[in-house]
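**Q** Contents of work.cif (mmCIF, C-alpha atoms):
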```
data_structure
loop_
_atom_site.group_PDB
_atom_site.id
_atom_site.type_symbol
_atom_site.label_atom_id
_atom_site.label_comp_id
_atom_site.auth_asym_id
_atom_site.auth_seq_id
_atom_site.Cartn_x
_atom_site.Cartn_y
_atom_site.Cartn_z
ATOM 1 C CA MET A 1 0.000 0.000 0.000
ATOM 2 C CA ILE A 2 1.491 3.330 -1.041
ATOM 3 C CA GLU A 3 1.460 6.411 1.187
ATOM 4 C CA ILE A 4 -0.120 9.499 -0.339
ATOM 5 C CA LYS A 5 0.643 12.813 1.341
ATOM 6 C CA GLY A 6 -1.147 16.125 0.890
ATOM 7 C CA ASN A 7 0.086 19.701 0.429
ATOM 8 C CA ILE A 8 3.764 18.789 0.168
ATOM 9 C CA PRO A 9 6.340 21.458 -0.851
ATOM 10 C CA LEU A 10 8.063 20.366 -4.059
ATOM 11 C CA ALA A 11 11.216 22.503 -3.891
ATOM 12 C CA PRO A 12 13.115 19.889 -1.823
ATOM 13 C CA TYR A 13 12.399 17.282 -4.508
ATOM 14 C CA THR A 14 14.092 19.276 -7.281
ATOM 15 C CA ILE A 15 17.719 20.078 -7.980
ATOM 16 C CA TYR A 16 16.692 23.704 -8.511
ATOM 17 C CA LYS A 17 15.129 23.907 -5.016
ATOM 18 C CA ILE A 18 12.244 25.849 -6.536
ATOM 19 C CA GLY A 19 8.535 25.041 -6.504
ATOM 20 C CA GLY A 20 5.325 25.378 -4.517
ATOM 21 C CA PRO A 21 3.296 22.541 -2.976
ATOM 22 C CA ALA A 22 1.778 19.502 -4.627
ATOM 23 C CA ARG A 23 -1.846 18.802 -3.839
ATOM 24 C CA PHE A 24 -0.775 15.181 -3.390
ATOM 25 C CA LEU A 25 2.586 13.408 -3.516
ATOM 26 C CA THR A 26 3.572 9.764 -3.362
ATOM 27 C CA GLN A 27 6.703 7.731 -3.934
ATOM 28 C CA VAL A 28 6.669 4.442 -5.845
ATOM 29 C CA LYS A 29 9.295 1.756 -6.279
ATOM 30 C CA SER A 30 7.576 -0.736 -8.578
ATOM 31 C CA SER A 31 5.145 -0.897 -11.484
ATOM 32 C CA GLU A 32 2.506 -2.242 -9.093
ATOM 33 C CA GLU A 33 2.881 0.784 -6.806
ATOM 34 C CA LEU A 34 2.845 3.076 -9.824
ATOM 35 C CA LYS A 35 -0.456 1.643 -10.998
ATOM 36 C CA GLU A 36 -1.879 2.070 -7.496
ATOM 37 C CA ALA A 37 -0.877 5.751 -7.554
ATOM 38 C CA LEU A 38 -2.393 6.288 -10.981
ATOM 39 C CA ASP A 39 -5.615 4.602 -9.858
ATOM 40 C CA PHE A 40 -5.774 7.148 -7.032
ATOM 41 C CA ALA A 41 -5.376 10.027 -9.493
ATOM 42 C CA ALA A 42 -8.123 8.600 -11.714
ATOM 43 C CA THR A 43 -10.479 8.135 -8.772
ATOM 44 C CA GLU A 44 -9.858 11.703 -7.587
ATOM 45 C CA GLY A 45 -10.218 13.051 -11.124
ATOM 46 C CA ILE A 46 -6.887 14.874 -10.966
ATOM 47 C CA SER A 47 -3.876 15.082 -13.243
ATOM 48 C CA PHE A 48 -0.570 13.425 -12.416
ATOM 49 C CA PHE A 49 3.079 14.056 -13.172
ATOM 50 C CA ILE A 50 5.908 11.557 -12.933
ATOM 51 C CA LEU A 51 8.912 13.129 -11.221
ATOM 52 C CA GLY A 52 12.307 11.488 -11.208
ATOM 53 C CA ALA A 53 15.434 13.139 -9.845
ATOM 54 C CA GLY A 54 13.934 16.610 -10.200
ATOM 55 C CA SER A 55 16.477 17.781 -12.784
ATOM 56 C CA ASN A 56 15.525 19.659 -15.957
ATOM 57 C CA VAL A 57 12.179 20.766 -14.473
ATOM 58 C CA LEU A 58 10.849 24.114 -13.275
ATOM 59 C CA ILE A 59 7.903 23.896 -10.889
ATOM 60 C CA SER A 60 5.574 26.849 -10.493
ATOM 61 C CA ASP A 61 5.725 28.865 -7.296
ATOM 62 C CA GLN A 62 2.011 28.005 -6.964
ATOM 63 C CA GLY A 63 2.851 24.303 -7.083
ATOM 64 C CA PHE A 64 0.969 21.502 -8.837
ATOM 65 C CA ASN A 65 -2.761 20.920 -8.353
ATOM 66 C CA GLY A 66 -2.628 17.180 -8.846
ATOM 67 C CA LEU A 67 -0.621 14.094 -7.905
ATOM 68 C CA ILE A 68 3.167 14.089 -8.121
ATOM 69 C CA VAL A 69 4.467 10.522 -8.426
ATOM 70 C CA ARG A 70 8.125 10.200 -7.542
ATOM 71 C CA MET A 71 9.883 7.284 -9.197
ATOM 72 C CA ALA A 72 12.471 6.002 -6.741
ATOM 73 C CA GLY A 73 15.029 3.332 -7.408
ATOM 74 C CA GLY A 74 14.567 0.585 -9.951
ATOM 75 C CA GLU A 75 16.305 -2.661 -10.815
ATOM 76 C CA VAL A 76 19.455 -2.686 -12.934
ATOM 77 C CA SER A 77 20.435 -5.935 -14.650
ATOM 78 C CA THR A 78 22.546 -7.182 -17.542
ATOM 79 C CA ASP A 79 22.037 -10.026 -19.985
ATOM 80 C CA GLY A 80 24.857 -10.473 -22.464
ATOM 81 C CA GLU A 81 25.315 -7.105 -24.168
ATOM 82 C CA CYS A 82 21.967 -5.759 -22.949
ATOM 83 C CA LEU A 83 21.362 -3.568 -19.914
ATOM 84 C CA THR A 84 17.827 -3.260 -18.490
ATOM 85 C CA VAL A 85 17.090 -0.463 -16.037
ATOM 86 C CA GLY A 86 13.978 0.588 -14.119
ATOM 87 C CA ALA A 87 12.701 4.085 -14.840
ATOM 88 C CA GLY A 88 13.442 5.395 -11.348
ATOM 89 C CA ALA A 89 17.108 4.398 -11.332
ATOM 90 C CA MET A 90 19.658 7.168 -11.693
ATOM 91 C CA MET A 91 21.672 7.377 -14.889
ATOM 92 C CA ALA A 92 24.917 7.293 -12.912
ATOM 93 C CA ARG A 93 23.930 4.000 -11.293
ATOM 94 C CA ALA A 94 23.213 2.453 -14.685
ATOM 95 C CA VAL A 95 26.529 3.700 -16.093
ATOM 96 C CA MET A 96 28.508 2.256 -13.196
ATOM 97 C CA GLU A 97 26.811 -1.107 -13.742
ATOM 98 C CA THR A 98 28.027 -1.088 -17.353
ATOM 99 C CA ALA A 99 31.559 -0.520 -16.092
ATOM 100 C CA ARG A 100 31.292 -3.464 -13.685
ATOM 101 C CA SER A 101 29.854 -5.649 -16.441
ATOM 102 C CA GLY A 102 32.353 -4.625 -19.108
ATOM 103 C CA LEU A 103 29.751 -3.048 -21.401
ATOM 104 C CA ALA A 104 30.840 -0.065 -23.486
ATOM 105 C CA GLY A 105 28.846 2.645 -25.259
ATOM 106 C CA PHE A 106 27.062 4.273 -22.321
ATOM 107 C CA GLU A 107 29.952 6.071 -20.619
ATOM 108 C CA TRP A 108 28.635 9.498 -21.674
ATOM 109 C CA GLY A 109 25.548 8.901 -19.506
ATOM 110 C CA ILE A 110 27.572 9.736 -16.392
ATOM 111 C CA GLY A 111 27.108 13.380 -17.380
ATOM 112 C CA ILE A 112 23.309 13.311 -16.996
ATOM 113 C CA PRO A 113 22.045 13.954 -13.433
ATOM 114 C CA GLY A 114 18.621 12.388 -13.897
ATOM 115 C CA THR A 115 16.747 9.118 -13.907
ATOM 116 C CA ILE A 116 16.460 6.628 -16.743
ATOM 117 C CA GLY A 117 12.773 7.421 -17.283
ATOM 118 C CA GLY A 118 13.301 11.160 -17.559
ATOM 119 C CA SER A 119 16.338 10.701 -19.784
ATOM 120 C CA VAL A 120 14.429 8.441 -22.186
ATOM 121 C CA ARG A 121 11.495 10.857 -22.280
ATOM 122 C CA GLY A 122 13.715 13.795 -23.209
ATOM 123 C CA ASN A 123 16.173 11.797 -25.334
ATOM 124 C CA ALA A 124 18.866 13.187 -23.061
ATOM 125 C CA GLY A 125 22.427 13.384 -24.262
ATOM 126 C CA CYS A 126 25.867 14.857 -23.693
ATOM 127 C CA PHE A 127 29.489 14.351 -24.675
ATOM 128 C CA GLY A 128 28.502 13.026 -28.096
ATOM 129 C CA GLY A 129 25.903 10.472 -27.013
ATOM 130 C CA GLU A 130 22.101 10.372 -26.902
ATOM 131 C CA MET A 131 19.632 7.894 -25.461
ATOM 132 C CA LYS A 132 18.338 7.032 -28.930
ATOM 133 C CA ASP A 133 21.807 5.755 -29.844
ATOM 134 C CA VAL A 134 21.675 2.889 -27.350
ATOM 135 C CA ILE A 135 17.970 2.143 -26.735
ATOM 136 C CA GLU A 136 16.845 -1.373 -27.619
ATOM 137 C CA SER A 137 13.299 -1.102 -26.242
ATOM 138 C CA VAL A 138 11.183 0.843 -23.754
ATOM 139 C CA GLU A 139 8.545 -0.722 -21.516
ATOM 140 C CA VAL A 140 5.548 1.608 -21.236
ATOM 141 C CA PHE A 141 2.336 1.637 -19.206
ATOM 142 C CA ASP A 142 -0.533 3.280 -21.084
ATOM 143 C CA THR A 143 -2.802 4.708 -18.382
ATOM 144 C CA ALA A 144 -5.631 5.279 -20.869
ATOM 145 C CA LYS A 145 -6.134 1.591 -21.723
ATOM 146 C CA PRO A 146 -4.671 0.556 -19.193
ATOM 147 C CA ALA A 147 -2.030 -1.817 -20.569
ATOM 148 C CA THR A 148 1.725 -2.393 -20.692
ATOM 149 C CA SER A 149 3.658 -2.684 -23.947
ATOM 150 C CA SER A 150 7.203 -2.659 -25.272
ATOM 151 C CA LEU A 151 8.146 0.008 -27.816
ATOM 152 C CA GLN A 152 10.975 -0.339 -30.291
ATOM 153 C CA PRO A 153 13.197 2.712 -30.967
ATOM 154 C CA ALA A 154 11.364 3.719 -34.159
ATOM 155 C CA ALA A 155 8.055 3.809 -32.293
ATOM 156 C CA CYS A 156 9.584 6.141 -29.694
ATOM 157 C CA GLU A 157 10.061 8.806 -32.407
ATOM 158 C CA PHE A 158 13.285 10.107 -30.917
ATOM 159 C CA THR A 159 14.548 13.446 -32.208
ATOM 160 C CA TYR A 160 16.842 16.027 -30.650
ATOM 161 C CA ARG A 161 15.809 16.269 -26.955
ATOM 162 C CA ASP A 162 12.372 14.951 -27.829
ATOM 163 C CA SER A 163 10.351 11.752 -28.060
ATOM 164 C CA ILE A 164 6.801 10.526 -28.476
ATOM 165 C CA PHE A 165 6.512 10.375 -24.679
ATOM 166 C CA LYS A 166 6.394 14.163 -24.454
ATOM 167 C CA ARG A 167 3.320 14.118 -26.686
ATOM 168 C CA HIS A 168 1.671 11.293 -24.750
ATOM 169 C CA PRO A 169 1.725 12.175 -21.037
ATOM 170 C CA GLU A 170 -0.622 9.245 -20.429
ATOM 171 C CA TRP A 171 2.248 6.899 -21.324
ATOM 172 C CA VAL A 172 4.463 6.185 -18.320
ATOM 173 C CA ILE A 173 7.929 4.735 -18.869
ATOM 174 C CA LEU A 174 8.525 1.699 -16.655
ATOM 175 C CA SER A 175 11.968 0.592 -17.816
ATOM 176 C CA ALA A 176 14.384 0.689 -20.740
ATOM 177 C CA THR A 177 16.708 -1.879 -22.288
ATOM 178 C CA PHE A 178 19.970 -0.750 -23.876
ATOM 179 C CA LYS A 179 22.051 -2.540 -26.485
ATOM 180 C CA LEU A 180 25.766 -2.049 -25.758
ATOM 181 C CA GLN A 181 29.043 -3.726 -26.699
ATOM 182 C CA LYS A 182 31.569 -5.783 -24.818
ATOM 183 C CA GLY A 183 34.535 -3.721 -23.720
ATOM 184 C CA ASP A 184 37.449 -3.578 -21.350
ATOM 185 C CA PRO A 185 36.220 -2.650 -17.842
ATOM 186 C CA ALA A 186 39.359 -0.634 -17.084
ATOM 187 C CA ALA A 187 39.005 1.362 -20.315
ATOM 188 C CA ILE A 188 35.307 1.964 -19.642
ATOM 189 C CA GLN A 189 36.060 3.203 -16.124
ATOM 190 C CA GLY A 190 38.816 5.434 -17.517
ATOM 191 C CA GLU A 191 36.398 7.039 -19.972
ATOM 192 C CA ILE A 192 33.852 7.591 -17.201
ATOM 193 C CA ARG A 193 36.532 9.327 -15.120
ATOM 194 C CA ARG A 194 37.573 11.465 -18.090
ATOM 195 C CA ILE A 195 34.014 12.622 -18.772
ATOM 196 C CA THR A 196 33.423 13.307 -15.074
ATOM 197 C CA ALA A 197 36.574 15.434 -14.866
ATOM 198 C CA GLU A 198 35.659 17.380 -18.000
ATOM 199 C CA ARG A 199 32.152 17.965 -16.685
ATOM 200 C CA LEU A 200 33.541 19.366 -13.437
ATOM 201 C CA THR A 201 35.538 21.983 -15.353
ATOM 202 C CA LYS A 202 32.631 23.045 -17.589
ATOM 203 C CA GLN A 203 29.507 22.837 -15.421
ATOM 204 C CA ASP A 204 28.339 24.027 -12.015
ATOM 205 C CA ILE A 205 28.260 20.614 -10.401
ATOM 206 C CA GLY A 206 26.664 20.747 -6.961
ATOM 207 C CA ALA A 207 25.008 24.128 -7.558
ATOM 208 C CA LYS A 208 21.232 24.647 -7.548
ATOM 209 C CA SER A 209 20.895 24.382 -11.316
ATOM 210 C CA CYS A 210 18.599 22.143 -13.317
ATOM 211 C CA GLY A 211 20.966 21.697 -16.255
ATOM 212 C CA CYS A 212 20.557 23.341 -19.630
ATOM 213 C CA ILE A 213 17.701 25.824 -19.824
ATOM 214 C CA PHE A 214 17.605 25.803 -23.643
ATOM 215 C CA LYS A 215 18.067 23.191 -26.348
ATOM 216 C CA ASN A 216 21.114 23.580 -28.547
ATOM 217 C CA ILE A 217 20.180 24.641 -32.063
ATOM 218 C CA PRO A 218 20.447 21.972 -34.780
ATOM 219 C CA TRP A 219 22.041 23.198 -38.000
ATOM 220 C CA THR A 220 19.185 21.399 -39.759
ATOM 221 C CA ARG A 221 16.452 23.391 -38.029
ATOM 222 C CA PRO A 222 14.216 24.912 -40.739
ATOM 223 C CA ASP A 223 14.827 28.497 -39.668
ATOM 224 C CA VAL A 224 18.627 28.138 -39.622
ATOM 225 C CA ASN A 225 20.228 29.421 -42.820
ATOM 226 C CA ARG A 226 23.688 27.901 -42.459
ATOM 227 C CA GLY A 227 25.424 29.888 -45.188
ATOM 228 C CA GLU A 228 23.973 33.227 -44.168
ATOM 229 C CA LEU A 229 24.665 32.603 -40.502
ATOM 230 C CA LEU A 230 28.319 31.695 -41.124
ATOM 231 C CA ALA A 231 28.781 34.713 -43.396
ATOM 232 C CA ARG A 232 27.544 37.043 -40.655
ATOM 233 C CA PHE A 233 29.152 35.204 -37.756
ATOM 234 C CA PRO A 234 32.317 33.375 -38.898
ATOM 235 C CA GLU A 235 33.054 32.488 -35.258
ATOM 236 C CA LEU A 236 30.313 29.840 -35.576
ATOM 237 C CA ALA A 237 32.468 27.895 -38.063
ATOM 238 C CA ARG A 238 34.069 26.112 -35.112
ATOM 239 C CA PHE A 239 30.780 24.231 -34.663
ATOM 240 C CA THR A 240 30.154 23.174 -38.262
ATOM 241 C CA ASP A 241 31.436 19.657 -37.551
ATOM 242 C CA LYS A 242 28.883 19.354 -34.750
ATOM 243 C CA PRO A 243 25.157 18.612 -35.183
ATOM 244 C CA THR A 244 24.156 21.676 -33.159
ATOM 245 C CA ILE A 245 25.157 25.223 -32.293
ATOM 246 C CA PRO A 246 25.771 25.380 -28.527
ATOM 247 C CA VAL A 247 23.385 27.810 -26.886
ATOM 248 C CA SER A 248 25.942 28.386 -24.138
ATOM 249 C CA PHE A 249 28.206 29.966 -26.777
ATOM 250 C CA LEU A 250 25.384 32.170 -28.084
ATOM 251 C CA ILE A 251 24.401 33.416 -24.620
ATOM 252 C CA ASP A 252 28.052 34.047 -23.764
ATOM 253 C CA ALA A 253 28.560 35.923 -27.050
ATOM 254 C CA ALA A 254 25.581 38.083 -26.135
ATOM 255 C CA ALA A 255 27.576 39.116 -23.028
ATOM 256 C CA LEU A 256 25.083 37.641 -20.573
ATOM 257 C CA LYS A 257 27.313 35.617 -18.248
ATOM 258 C CA GLY A 258 26.676 36.889 -14.750
ATOM 259 C CA ARG A 259 23.356 38.498 -15.691
ATOM 260 C CA ARG A 260 20.753 38.221 -12.940
ATOM 261 C CA ALA A 261 17.011 38.218 -12.375
ATOM 262 C CA GLY A 262 16.064 38.151 -8.724
ATOM 263 C CA ARG A 263 18.075 35.376 -7.085
ATOM 264 C CA VAL A 264 18.966 33.563 -10.324
ATOM 265 C CA VAL A 265 22.204 34.200 -12.217
ATOM 266 C CA ILE A 266 23.604 32.991 -15.555
ATOM 267 C CA SER A 267 26.593 30.797 -14.744
ATOM 268 C CA ALA A 268 30.091 32.096 -15.401
ATOM 269 C CA LYS A 269 31.135 28.515 -16.237
ATOM 270 C CA HIS A 270 28.353 27.465 -18.618
ATOM 271 C CA ALA A 271 26.020 30.158 -19.931
ATOM 272 C CA ASN A 272 23.154 27.703 -20.538
ATOM 273 C CA PHE A 273 23.052 27.013 -16.786
ATOM 274 C CA PHE A 274 21.003 29.361 -14.601
ATOM 275 C CA VAL A 275 21.967 29.060 -10.934
ATOM 276 C CA ASN A 276 19.652 29.591 -7.966
ATOM 277 C CA GLU A 277 21.742 31.565 -5.480
ATOM 278 C CA GLY A 278 19.239 30.776 -2.746
ATOM 279 C CA GLY A 279 15.630 31.769 -2.279
ATOM 280 C CA ALA A 280 14.857 32.109 -5.995
ATOM 281 C CA GLY A 281 11.387 31.649 -7.416
ATOM 282 C CA ALA A 282 10.243 30.168 -10.716
ATOM 283 C CA GLU A 283 9.415 33.650 -11.992
ATOM 284 C CA ASP A 284 13.083 34.640 -11.584
ATOM 285 C CA VAL A 285 14.104 31.790 -13.901
ATOM 286 C CA ILE A 286 11.421 32.716 -16.425
ATOM 287 C CA ALA A 287 12.452 36.381 -16.384
ATOM 288 C CA LEU A 288 16.098 35.492 -16.991
ATOM 289 C CA ALA A 289 15.090 33.104 -19.789
ATOM 290 C CA VAL A 290 13.242 35.957 -21.512
ATOM 291 C CA ILE A 291 16.348 38.153 -21.243
ATOM 292 C CA ALA A 292 18.482 35.424 -22.838
ATOM 293 C CA LYS A 293 15.954 34.747 -25.602
ATOM 294 C CA ASP A 294 15.707 38.434 -26.504
ATOM 295 C CA ALA A 295 19.467 38.973 -26.492
ATOM 296 C CA VAL A 296 20.274 35.944 -28.681
ATOM 297 C CA LEU A 297 17.461 36.803 -31.094
ATOM 298 C CA GLU A 298 18.714 40.376 -31.411
ATOM 299 C CA LYS A 299 22.362 39.394 -31.925
ATOM 300 C CA PHE A 300 22.078 36.213 -34.008
ATOM 301 C CA GLY A 301 18.474 36.191 -35.252
ATOM 302 C CA LEU A 302 17.989 32.772 -33.651
ATOM 303 C CA GLU A 303 15.036 31.725 -31.497
ATOM 304 C CA LEU A 304 15.901 29.798 -28.340
ATOM 305 C CA GLU A 305 13.710 26.852 -27.409
ATOM 306 C CA GLU A 306 13.453 25.824 -23.764
ATOM 307 C CA GLU A 307 14.677 22.373 -22.797
ATOM 308 C CA ILE A 308 13.553 22.719 -19.193
ATOM 309 C CA GLN A 309 10.029 21.439 -18.568
ATOM 310 C CA ARG A 310 7.587 23.710 -16.785
ATOM 311 C CA ILE A 311 5.202 22.081 -14.296
ATOM 312 C CA GLY A 312 2.118 23.675 -12.815
ATOM 313 C CA PHE A 313 2.047 26.745 -15.051
#
```
How does this structure look as structure tokens?
**A**
Amino acid sequence: MIEIKGNIPLAPYTIYKIGGPARFLTQVKSSEELKEALDFAATEGISFFILGAGSNVLISDQGFNGLIVRMAGGEVSTDGECLTVGAGAMMARAVMETARSGLAGFEWGIGIPGTIGGSVRGNAGCFGGEMKDVIESVEVFDTAKPATSSLQPAACEFTYRDSIFKRHPEWVILSATFKLQKGDPAAIQGEIRRITAERLTKQDIGAKSCGCIFKNIPWTRPDVNRGELLARFPELARFTDKPTIPVSFLIDAAALKGRRAGRVVISAKHANFFVNEGGAGAEDVIALAVIAKDAVLEKFGLELEEEIQRIGF
């Protein structure tokens, strides 16, 4: 039997430490407990939101007038070259299991401070890797039917920082299976250490920051005229061998590092990170995001698209 609590502040459950109260909150550790929580939401006639590690989300200062379901833990197992992980397990835990099992191809995941479920939903990526590159299948619970099914990668419709799951909030990710390759455990651990060290130099690890506020801009985006952009801004040529233009570079070039709104400041290390200096509200983050959007649009003519997910707005 799950425990459902009422009027619970959500700020402590997010990396940003921002957010008002949830009407109801519960924590689940299995698919059976998840279904029990969703039955409660259906009976009460309220909406629900699945919350993992609380990264990459911005919760309204007014909170969420529904049920927050926290996914906690989750089994991690290997079978040959496949790794299967419960949705509530942290990415770092899954990556370390690959190192112990001598499975290569998922080392980059150590740079993502979220859960497996949230990372699949947003097709998270960093250091040259994305979830879509290694996904074999995703186990999903469709709350509308209700029924459980396994989706192959094509059915997940993965694109840059997007998937079909964002368009179907009634689909809840239960677990994911990854197809990796056999590798040398020592080499895998060495790559994990290298990525961790690089991340420490480039990002505000340990700060109250939810990760990147905006999506990087794909060169293939319909509104991006590659030739015209490079003619006007030759400094962008350094990114032509990459799939995207880093938004951190654009915000930095717009001279916004250190810019503030209320108690939120644009990081001096990574300009796509907005840091809560303590006591910030969601409106501070939104105000600073508007400043960054306007500045980049004025300088480069490029629209910034938020990667952070707003909840309760």
**Q** What residues come out when you apply the PyMOL selection byres ((chain A and resi 134-150) around 6) to this file, written as a PDB file with C-alpha atoms, keeping the file's coordinate frame?
**A**
```pdb
ATOM      1  CA  MET A 131      19.632   7.894 -25.461  1.00  0.00           C
ATOM      2  CA  LYS A 132      18.338   7.032 -28.930  1.00  0.00           C
ATOM      3  CA  ASP A 133      21.807   5.755 -29.844  1.00  0.00           C
ATOM      4  CA  LEU A 151       8.146   0.008 -27.816  1.00  0.00           C
ATOM      5  CA  GLN A 152      10.975  -0.339 -30.291  1.00  0.00           C
ATOM      6  CA  GLU A 170      -0.622   9.245 -20.429  1.00  0.00           C
ATOM      7  CA  TRP A 171       2.248   6.899 -21.324  1.00  0.00           C
ATOM      8  CA  VAL A 172       4.463   6.185 -18.320  1.00  0.00           C
ATOM      9  CA  ILE A 173       7.929   4.735 -18.869  1.00  0.00           C
ATOM     10  CA  LEU A 174       8.525   1.699 -16.655  1.00  0.00           C
ATOM     11  CA  SER A 175      11.968   0.592 -17.816  1.00  0.00           C
ATOM     12  CA  ALA A 176      14.384   0.689 -20.740  1.00  0.00           C
ATOM     13  CA  THR A 177      16.708  -1.879 -22.288  1.00  0.00           C
ATOM     14  CA  PHE A 178      19.970  -0.750 -23.876  1.00  0.00           C
ATOM     15  CA  LYS A 179      22.051  -2.540 -26.485  1.00  0.00           C
TER      16      LYS A 179
END
```
**Q** Box in all listed atoms of range 291-303 of chain A, axis-aligned, with 8 Å more on each side; write out centre and edge lengths in Å to one decimal as AutoDock Vina command-line options.
**A**
```
--center_x 18.7 --center_y 36.1 --center_z -28.2 --size_x 23.3 --size_y 24.7 --size_z 30.0
```
**Q** I'd like the interatomic distance between CA of Lys182 in chain A and CA of Ala104 in chain A, to a tenth of an Å.
**A**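 One can read the CA of Lys182 in chain A to CA of Ala104 in chain A distance as 5.9 Å.
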**Q** Any chance you could resolve the PyMOL selection byres ((chain A and resi 247) around 9) against this file and give the residues as a list in words?
**A**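 For this structure, the PyMOL selection byres ((chain A and resi 247) around 9) resolves to Cys212, Phe214, Lys215, Asn216, Ile217, Thr244, Ile245, Pro246, Ser248, Phe249, Leu250, Ile251, Asp252, Ala271, Asn272, Val296 and Leu304 of chain A.
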**Q** Identify, on the basis of all atoms listed in the file, every residue whose closest approach to Gly190 in chain A does not exceed 10 Å; exclude the query and any residue fewer than 6 positions from it along the same chain; express the result as a compact mmCIF listing (two decimals) with C-alpha atoms, in the frame of the given file.
**A**
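Here's the written file out_1.txt:
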```
# COMPACT_ATOMS: atom_id res chain seq x y z
CA ALA A 99 31.56 -0.52 -16.09
CA GLU A 107 29.95 6.07 -20.62
CA ASP A 184 37.45 -3.58 -21.35
CA THR A 196 33.42 13.31 -15.07
```
**Q** Go through the shown structure with the PyMOL selection byres ((chain A and resi 89) around 8) and write out the matching residues as a list in words.
**A**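 Given this file, the PyMOL selection byres ((chain A and resi 89) around 8) evaluates to Ala72, Gly73, Gly74, Glu75, Val76, Val85, Gly86, Ala87, Gly88, Met90, Met91, Arg93, Ala94, Thr115, Ile116 and Gly117 of chain A.
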**Q** I'd like the neighbourhood of Lys269 in chain A as number ranges by chain, where a residue qualifies if any of its atoms comes within 8 Å (using all atoms listed in the file), though same-chain residues fewer than 4 positions away should be ignored.
**A** A: 201-204
**Q** One decimal, in Å: what's the spacing between CA of Ser163 in chain A and CA of Gly111 in chain A?
**A** 19.9 Å
**Q** For each of A:Ser119, A:Ile286, A:Gly301, A:Glu33, take the minimum atom-to-atom distance to Asp223 in chain A, counting only C-alpha atoms, then give the residue where this is smallest.
**A**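 Under the stated criterion, the closest residue is A:Gly301.
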**Q** So which one's closest to Arg199 in chain A, A:Leu236, A:Ala287, A:Val275, A:Ile110? Using all atoms listed in the file, please.
**A**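 Looking at the shortest contact to Arg199 in chain A, the residue is A:Ile110.
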**Q** Write out as CSV the residues of range 54-158 of chain A that have any atom within 9 Å of an atom of range 4-15 of chain A, one row each with the nearest atom pair and its distance in Å to one decimal, counting all atoms listed in the file, sorted by chain and then rising number.
**A**
```
residue,atom,partner,partner_atom,distance
A:Gly54,CA,A:Thr14,CA,4.0
A:Ser55,CA,A:Ile15,CA,5.5
A:Asn56,CA,A:Ile15,CA,8.3
A:Val57,CA,A:Thr14,CA,7.6
A:Leu58,CA,A:Thr14,CA,8.4
A:Ile59,CA,A:Leu10,CA,7.7
A:Gly63,CA,A:Leu10,CA,7.2
A:Phe64,CA,A:Leu10,CA,8.6
A:Leu67,CA,A:Ile4,CA,8.9
A:Ile68,CA,A:Leu10,CA,8.9
A:Arg70,CA,A:Tyr13,CA,8.8
```
**Q** Hey, can you spit out that residue selection with C-alpha atoms as a compact mmCIF listing (two decimals), in the frame of the given file?
**A**
```txt
# COMPACT_ATOMS: atom_id res chain seq x y z
CA GLY A 54 13.93 16.61 -10.20
CA SER A 55 16.48 17.78 -12.78
CA ASN A 56 15.52 19.66 -15.96
CA VAL A 57 12.18 20.77 -14.47
CA LEU A 58 10.85 24.11 -13.28
CA ILE A 59 7.90 23.90 -10.89
CA GLY A 63 2.85 24.30 -7.08
CA PHE A 64 0.97 21.50 -8.84
CA LEU A 67 -0.62 14.09 -7.90
CA ILE A 68 3.17 14.09 -8.12
CA ARG A 70 8.12 10.20 -7.54
```
**Q** In Å to one decimal, how far is CA of Pro113 in chain A from CA of Glu191 in chain A?
**A**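 Going from CA of Glu191 in chain A over to CA of Pro113 in chain A, I get 17.2 Å.
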**Q** Quick one: of A:Gly128, A:Arg263, A:Thr26, A:Leu180, who's nearest to Thr78 in chain A, counting all atoms listed in the file?
**A**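 Of A:Gly128, A:Arg263, A:Thr26, A:Leu180, the one nearest Thr78 in chain A, counting all atoms listed in the file, is A:Leu180.
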**Q** Here is a test: counting all atoms listed in the file, which residue of A:Leu34, A:Ala197, A:Leu297, A:Ala289 is nearest to Phe274 in chain A?
**A**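 Closest to Phe274 in chain A, using all atoms listed in the file: A:Ala289.
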**Q** Measuring atom to atom with all atoms listed in the file, identify which of A:Arg100, A:Gly66, A:Arg194, A:Ile308 is nearest to Gly118 in chain A.
**A**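 Counting all atoms listed in the file, the residue closest to Gly118 in chain A is A:Ile308.
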**Q** What lies within 9 Å of Gly278 in chain A using all atoms listed in the file, ignoring chain neighbours under 6 positions off, as number ranges by chain?
**A** A: 17, 208, 263-264
**Q** Counting only C-alpha atoms, select every polymer residue within 10 Å of (23.2, 35.6, -14.7) as defined in the file's coordinates, and provide the selection as a list in words.
**A**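 I get Leu256, Lys257, Gly258, Arg259, Arg260, Ala261, Gly262, Arg263, Val264, Val265, Ile266, Ser267, Ala268, Ala271, Asn272, Phe273, Phe274, Val275, Asn276, Val285, Leu288, Ala289, Ile291 and Ala292 of chain A for the residues within 10 Å of that point.
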